[in-house]
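Shown here: query34.tsv, TSV, C-alpha atoms.
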```tsv
chain	number	residue	atom	x	y	z
A	1	MET	CA	31.56	-30.50	-49.19
A	2	PRO	CA	30.16	-27.23	-47.67
A	3	HIS	CA	27.99	-29.29	-45.28
A	4	LEU	CA	31.07	-31.11	-44.04
A	5	LEU	CA	32.84	-27.79	-43.42
A	6	ILE	CA	29.87	-26.44	-41.41
A	7	LEU	CA	29.69	-29.64	-39.39
A	8	PHE	CA	33.41	-29.48	-38.64
A	9	SER	CA	33.15	-25.83	-37.51
A	10	LEU	CA	30.25	-26.70	-35.16
A	11	VAL	CA	32.27	-29.50	-33.58
A	12	ALA	CA	35.23	-27.14	-33.14
A	13	VAL	CA	33.03	-24.52	-31.45
A	14	GLU	CA	31.52	-27.13	-29.13
A	15	ALA	CA	35.00	-28.40	-28.19
A	16	ALA	CA	36.08	-24.84	-27.36
A	17	ILE	CA	33.33	-24.51	-24.74
A	18	LEU	CA	34.27	-25.92	-21.36
A	19	ARG	CA	32.54	-29.18	-20.39
A	20	PRO	CA	30.35	-27.82	-17.52
A	21	TYR	CA	28.97	-25.10	-19.77
A	22	ARG	CA	28.25	-27.24	-22.83
A	23	ASP	CA	24.87	-28.44	-21.59
A	24	LYS	CA	23.84	-24.90	-20.75
A	25	ALA	CA	24.99	-23.64	-24.14
A	26	LYS	CA	23.00	-26.21	-26.14
A	27	ILE	CA	19.67	-25.05	-27.45
A	28	ASN	CA	16.75	-27.19	-26.38
A	29	THR	CA	14.45	-27.63	-29.37
A	30	THR	CA	12.23	-30.36	-27.93
A	31	LYS	CA	10.23	-28.14	-25.55
A	32	GLU	CA	7.77	-25.62	-26.80
A	33	THR	CA	8.67	-22.08	-25.83
A	34	THR	CA	5.81	-19.93	-24.61
A	35	GLY	CA	7.89	-16.82	-24.08
A	36	GLU	CA	7.14	-16.73	-20.37
A	37	ALA	CA	9.27	-18.54	-17.83
A	38	PRO	CA	7.29	-20.51	-15.19
A	39	HIS	CA	9.77	-19.59	-12.44
A	40	ALA	CA	11.32	-16.22	-13.14
A	41	ARG	CA	14.64	-15.65	-11.41
A	42	ASN	CA	13.70	-12.22	-10.11
A	43	ALA	CA	10.35	-13.34	-8.71
A	44	PHE	CA	10.18	-12.64	-4.99
A	45	ARG	CA	8.47	-15.31	-2.93
A	46	ALA	CA	7.45	-14.19	0.53
A	47	ALA	CA	8.92	-16.19	3.39
A	48	PRO	CA	9.29	-15.25	7.08
A	49	LYS	CA	13.07	-14.64	6.90
A	50	ARG	CA	12.82	-12.71	3.65
A	51	CYS	CA	10.01	-10.56	5.00
A	52	CYS	CA	12.11	-9.87	8.07
A	53	LYS	CA	14.96	-8.66	5.84
A	54	ILE	CA	12.56	-6.45	3.92
A	55	GLY	CA	11.40	-5.03	7.26
A	56	HIS	CA	15.03	-4.21	8.07
A	57	LYS	CA	15.42	-2.40	4.73
A	58	VAL	CA	12.27	-0.38	5.33
A	59	ALA	CA	13.54	0.66	8.78
A	60	GLN	CA	16.97	1.60	7.39
A	61	ARG	CA	15.33	3.89	4.85
A	62	ARG	CA	13.35	5.49	7.69
A	63	ILE	CA	9.95	4.62	6.30
A	64	SER	CA	7.02	3.87	8.59
A	65	CYS	CA	6.75	0.28	9.81
A	66	ASN	CA	2.96	0.42	10.08
A	67	ILE	CA	1.52	-1.67	7.25
A	68	LYS	CA	-1.50	0.58	6.69
A	69	VAL	CA	0.68	3.67	6.41
A	70	LEU	CA	3.07	1.79	4.14
A	71	ASP	CA	0.23	0.91	1.79
A	72	VAL	CA	-0.59	4.60	1.35
A	73	VAL	CA	3.09	5.49	0.92
A	74	ARG	CA	3.52	2.77	-1.70
A	75	LYS	CA	0.54	4.01	-3.71
A	76	PHE	CA	1.83	7.57	-3.51
A	77	SER	CA	5.33	6.56	-4.62
A	78	ASP	CA	3.86	4.59	-7.54
A	79	LEU	CA	1.92	7.68	-8.63
A	80	GLN	CA	5.02	9.81	-8.16
A	81	ARG	CA	7.05	7.43	-10.32
A	82	ALA	CA	4.39	7.56	-13.03
A	83	LYS	CA	4.38	11.38	-12.95
A	84	PHE	CA	8.17	11.44	-13.18
A	85	LYS	CA	8.14	9.18	-16.23
A	86	TYR	CA	5.35	11.19	-17.88
A	87	ASN	CA	6.67	14.70	-17.22
A	88	LYS	CA	10.37	13.85	-17.03
A	89	SER	CA	10.74	16.83	-14.75
A	90	LYS	CA	13.56	17.19	-12.26
A	91	ASN	CA	11.39	18.97	-9.69
A	92	ILE	CA	9.89	15.71	-8.43
A	93	LYS	CA	12.07	14.05	-5.80
A	94	PRO	CA	12.51	10.30	-6.18
A	95	SER	CA	10.74	8.40	-3.45
A	96	ARG	CA	12.55	6.31	-0.85
A	97	ILE	CA	10.70	3.19	-1.99
A	98	SER	CA	11.85	1.73	-5.29
A	99	ALA	CA	9.42	-0.21	-7.47
A	100	ARG	CA	11.03	-3.57	-6.58
A	101	LEU	CA	10.99	-2.82	-2.85
A	102	SER	CA	7.39	-1.66	-3.13
A	103	ASP	CA	6.35	-4.98	-4.67
A	104	LYS	CA	8.22	-6.93	-1.98
A	105	ILE	CA	6.60	-4.86	0.77
A	106	GLY	CA	3.19	-5.59	-0.71
A	107	LYS	CA	3.80	-9.34	-0.82
A	108	CYS	CA	5.25	-9.44	2.70
A	109	SER	CA	2.51	-7.32	4.23
A	110	ALA	CA	-0.04	-9.73	2.75
A	111	ALA	CA	1.71	-13.02	3.55
A	112	PHE	CA	3.65	-12.42	6.80
A	113	PRO	CA	2.62	-9.05	8.27
A	114	LYS	CA	3.69	-9.88	11.84
A	115	TYR	CA	7.23	-10.93	10.87
A	116	PHE	CA	7.62	-7.89	8.65
A	117	GLU	CA	6.35	-5.39	11.22
A	118	LYS	CA	8.20	-6.97	14.16
A	119	CYS	CA	11.59	-6.88	12.41
A	120	CYS	CA	10.95	-3.40	11.07
A	121	VAL	CA	10.12	-2.00	14.51
A	122	TYR	CA	13.13	-3.78	16.05
A	123	LYS	CA	15.54	-2.29	13.50
A	124	GLU	CA	13.86	1.12	13.78
A	125	GLN	CA	14.46	1.15	17.55
A	126	TYR	CA	18.07	0.16	16.96
A	127	HIS	CA	18.63	3.09	14.58
A	128	LYS	CA	16.93	5.53	16.96
A	129	ASN	CA	19.17	4.45	19.82
A	130	ILE	CA	22.30	4.68	17.64
A	131	ASN	CA	21.30	8.21	16.62
A	132	LYS	CA	20.90	9.16	20.29
A	133	CYS	CA	24.56	8.27	20.77
A	134	LYS	CA	25.51	11.01	18.31
A	135	LYS	CA	24.25	13.64	20.75
A	136	ARG	CA	26.57	12.48	23.51
A	137	PRO	CA	30.08	13.82	24.14
A	138	ARG	CA	32.85	12.34	22.01
A	139	GLN	CA	34.28	10.05	24.69
A	140	GLU	CA	30.93	8.42	25.46
A	141	ARG	CA	29.83	7.80	21.85
A	142	ARG	CA	31.89	4.67	21.30
A	143	GLN	CA	30.76	3.05	24.55
A	144	CYS	CA	27.18	3.97	23.77
A	145	ARG	CA	27.30	2.38	20.28
A	146	GLN	CA	28.99	-0.76	21.62
A	147	SER	CA	26.40	-1.22	24.34
A	148	ILE	CA	23.56	-0.79	21.86
A	149	ARG	CA	25.11	-3.26	19.40
A	150	GLU	CA	25.50	-5.81	22.20
A	151	ARG	CA	21.91	-5.29	23.27
A	152	TYR	CA	20.48	-5.71	19.74
A	153	SER	CA	22.76	-8.51	18.50
```

Take the structure from the file and write it as structure tokens.
Amino acid sequence: MPHLLILFSLVAVEAAILRPYRDKAKINTTKETTGEAPHARNAFRAAPKRCCKIGHKVAQRRISCNIKVLDVVRKFSDLQRAKFKYNKSKNIKPSRISARLSDKIGKCSAAFPKYFEKCCVYKEQYHKNINKCKKRPRQERRQCRQSIRERYS
């Protein structure tokens, strides 16, 4: 009798789950679990377009686009992060490169360095020109920004 009650409650729970989500909700007991997923969702795979986007991010954060300089900056920021975790002091400023961005920069600079550097330099020039518009008189700023956006779009 208790087995029948448990079976009935399992059927009721399964019926309460919407049809598209039932397959996802079922536990797969046939495969052996190793604890490590073969294709992690957060794994970054370098591709030309992705590396270009990473180059844009690096330029927006005003970090050098030169790959050799970036390698040194990445190592320094990793050390800085380790010191911050060890000392837990508030005197150390957080670096501009997060750990995830640092890993992506490393993969892109190894796989597609030309795409990465080209897009980074392009976006860096765009930001420099936009900042030059800020020095102009108020009436000219809008025209300046519009012309730069047209040129770089």

*Of the candidates A:Leu101, A:Ala111, A:Lys123, A:Cys133, which one gets nearest to Ile54 of chain A if we count all atoms listed in the file?*
A:Leu101

_Taking all atoms listed in the file into account, name the residue in A:Lys75, A:Arg151, A:Arg50, A:Lys68 that is nearest to Gln125 of chain A._
A:Arg151

*Considering all atoms listed in the file, state which residue in the set A:Ala43, A:Cys65, A:Asp71, A:Gln146 is at the smallest distance from Ala110 of chain A.*
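That would be A:Asp71, the residue with the smallest distance to Ala110 of chain A.
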
*How many Å lie between atom CA of Arg74 of chain A and atom CA of Ser109 of chain A, rounded to one decimal?*
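Taking atom CA of Arg74 of chain A and atom CA of Ser109 of chain A, their separation equals 11.7 Å.
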
*Which distance in Å separates atom CA of Gln143 of chain A and atom CA of His56 of chain A, to one decimal?*
23.9 Å

Would you mind putting back N, CA, C and O atoms on segment 45-68 of chain A, then writing it out as a compact mmCIF listing (two decimals), keeping the file's coordinate frame?
```txt
# COMPACT_ATOMS: atom_id res chain seq x y z
N ARG A 45 9.45 -14.50 -3.64
CA ARG A 45 8.47 -15.31 -2.93
C ARG A 45 8.57 -14.98 -1.46
O ARG A 45 9.65 -15.06 -0.87
N ALA A 46 7.46 -14.60 -0.88
CA ALA A 46 7.45 -14.19 0.53
C ALA A 46 7.70 -15.39 1.43
O ALA A 46 7.10 -16.44 1.27
N ALA A 47 8.61 -15.21 2.36
CA ALA A 47 8.92 -16.19 3.39
C ALA A 47 9.22 -15.40 4.66
O ALA A 47 9.58 -14.22 4.58
N PRO A 48 9.08 -16.01 5.84
CA PRO A 48 9.29 -15.25 7.08
C PRO A 48 10.65 -14.55 7.16
O PRO A 48 10.72 -13.37 7.49
N LYS A 49 11.74 -15.26 6.83
CA LYS A 49 13.07 -14.64 6.90
C LYS A 49 13.22 -13.52 5.89
O LYS A 49 13.81 -12.48 6.18
N ARG A 50 12.73 -13.74 4.69
CA ARG A 50 12.82 -12.71 3.65
C ARG A 50 12.02 -11.48 4.03
O ARG A 50 12.47 -10.35 3.82
N CYS A 51 10.84 -11.70 4.59
CA CYS A 51 10.01 -10.56 5.00
C CYS A 51 10.66 -9.81 6.14
O CYS A 51 10.54 -8.59 6.24
N CYS A 52 11.38 -10.52 6.99
CA CYS A 52 12.11 -9.87 8.07
C CYS A 52 13.20 -8.98 7.50
O CYS A 52 13.39 -7.84 7.94
N LYS A 53 13.92 -9.47 6.48
CA LYS A 53 14.96 -8.66 5.84
C LYS A 53 14.38 -7.43 5.16
O LYS A 53 14.98 -6.35 5.19
N ILE A 54 13.22 -7.60 4.56
CA ILE A 54 12.56 -6.45 3.92
C ILE A 54 12.16 -5.44 4.99
O ILE A 54 12.28 -4.23 4.79
N GLY A 55 11.72 -5.92 6.14
CA GLY A 55 11.40 -5.03 7.26
C GLY A 55 12.63 -4.25 7.71
O GLY A 55 12.54 -3.05 8.01
N HIS A 56 13.79 -4.90 7.73
CA HIS A 56 15.03 -4.21 8.07
C HIS A 56 15.34 -3.10 7.06
O HIS A 56 15.75 -2.01 7.44
N LYS A 57 15.15 -3.40 5.77
CA LYS A 57 15.42 -2.40 4.73
C LYS A 57 14.51 -1.19 4.88
O LYS A 57 14.93 -0.05 4.72
N VAL A 58 13.24 -1.46 5.17
CA VAL A 58 12.27 -0.38 5.33
C VAL A 58 12.68 0.50 6.51
O VAL A 58 12.63 1.73 6.43
N ALA A 59 13.12 -0.11 7.60
CA ALA A 59 13.54 0.66 8.78
C ALA A 59 14.80 1.46 8.49
O ALA A 59 14.93 2.61 8.94
N GLN A 60 15.74 0.89 7.73
CA GLN A 60 16.97 1.60 7.39
C GLN A 60 16.68 2.83 6.54
O GLN A 60 17.36 3.84 6.67
N ARG A 61 15.69 2.75 5.70
CA ARG A 61 15.33 3.89 4.85
C ARG A 61 14.41 4.89 5.56
O ARG A 61 13.92 5.82 4.95
N ARG A 62 14.16 4.62 6.82
CA ARG A 62 13.35 5.49 7.69
C ARG A 62 11.95 5.72 7.12
O ARG A 62 11.47 6.83 7.02
N ILE A 63 11.34 4.60 6.75
CA ILE A 63 9.95 4.62 6.30
C ILE A 63 9.12 3.99 7.41
O ILE A 63 9.61 3.16 8.16
N SER A 64 7.88 4.37 7.51
CA SER A 64 7.02 3.87 8.59
C SER A 64 6.91 2.35 8.54
O SER A 64 6.84 1.75 7.47
N CYS A 65 6.87 1.74 9.72
CA CYS A 65 6.75 0.28 9.81
C CYS A 65 5.29 -0.17 9.86
O CYS A 65 5.02 -1.36 9.74
N ASN A 66 4.38 0.75 10.03
CA ASN A 66 2.96 0.42 10.08
C ASN A 66 2.50 0.03 8.67
O ASN A 66 2.69 0.77 7.71
N ILE A 67 1.89 -1.13 8.56
CA ILE A 67 1.52 -1.67 7.25
C ILE A 67 0.47 -0.81 6.56
O ILE A 67 0.54 -0.60 5.35
N LYS A 68 -0.47 -0.26 7.30
CA LYS A 68 -1.50 0.58 6.69
C LYS A 68 -0.90 1.87 6.14
O LYS A 68 -1.27 2.32 5.06
```
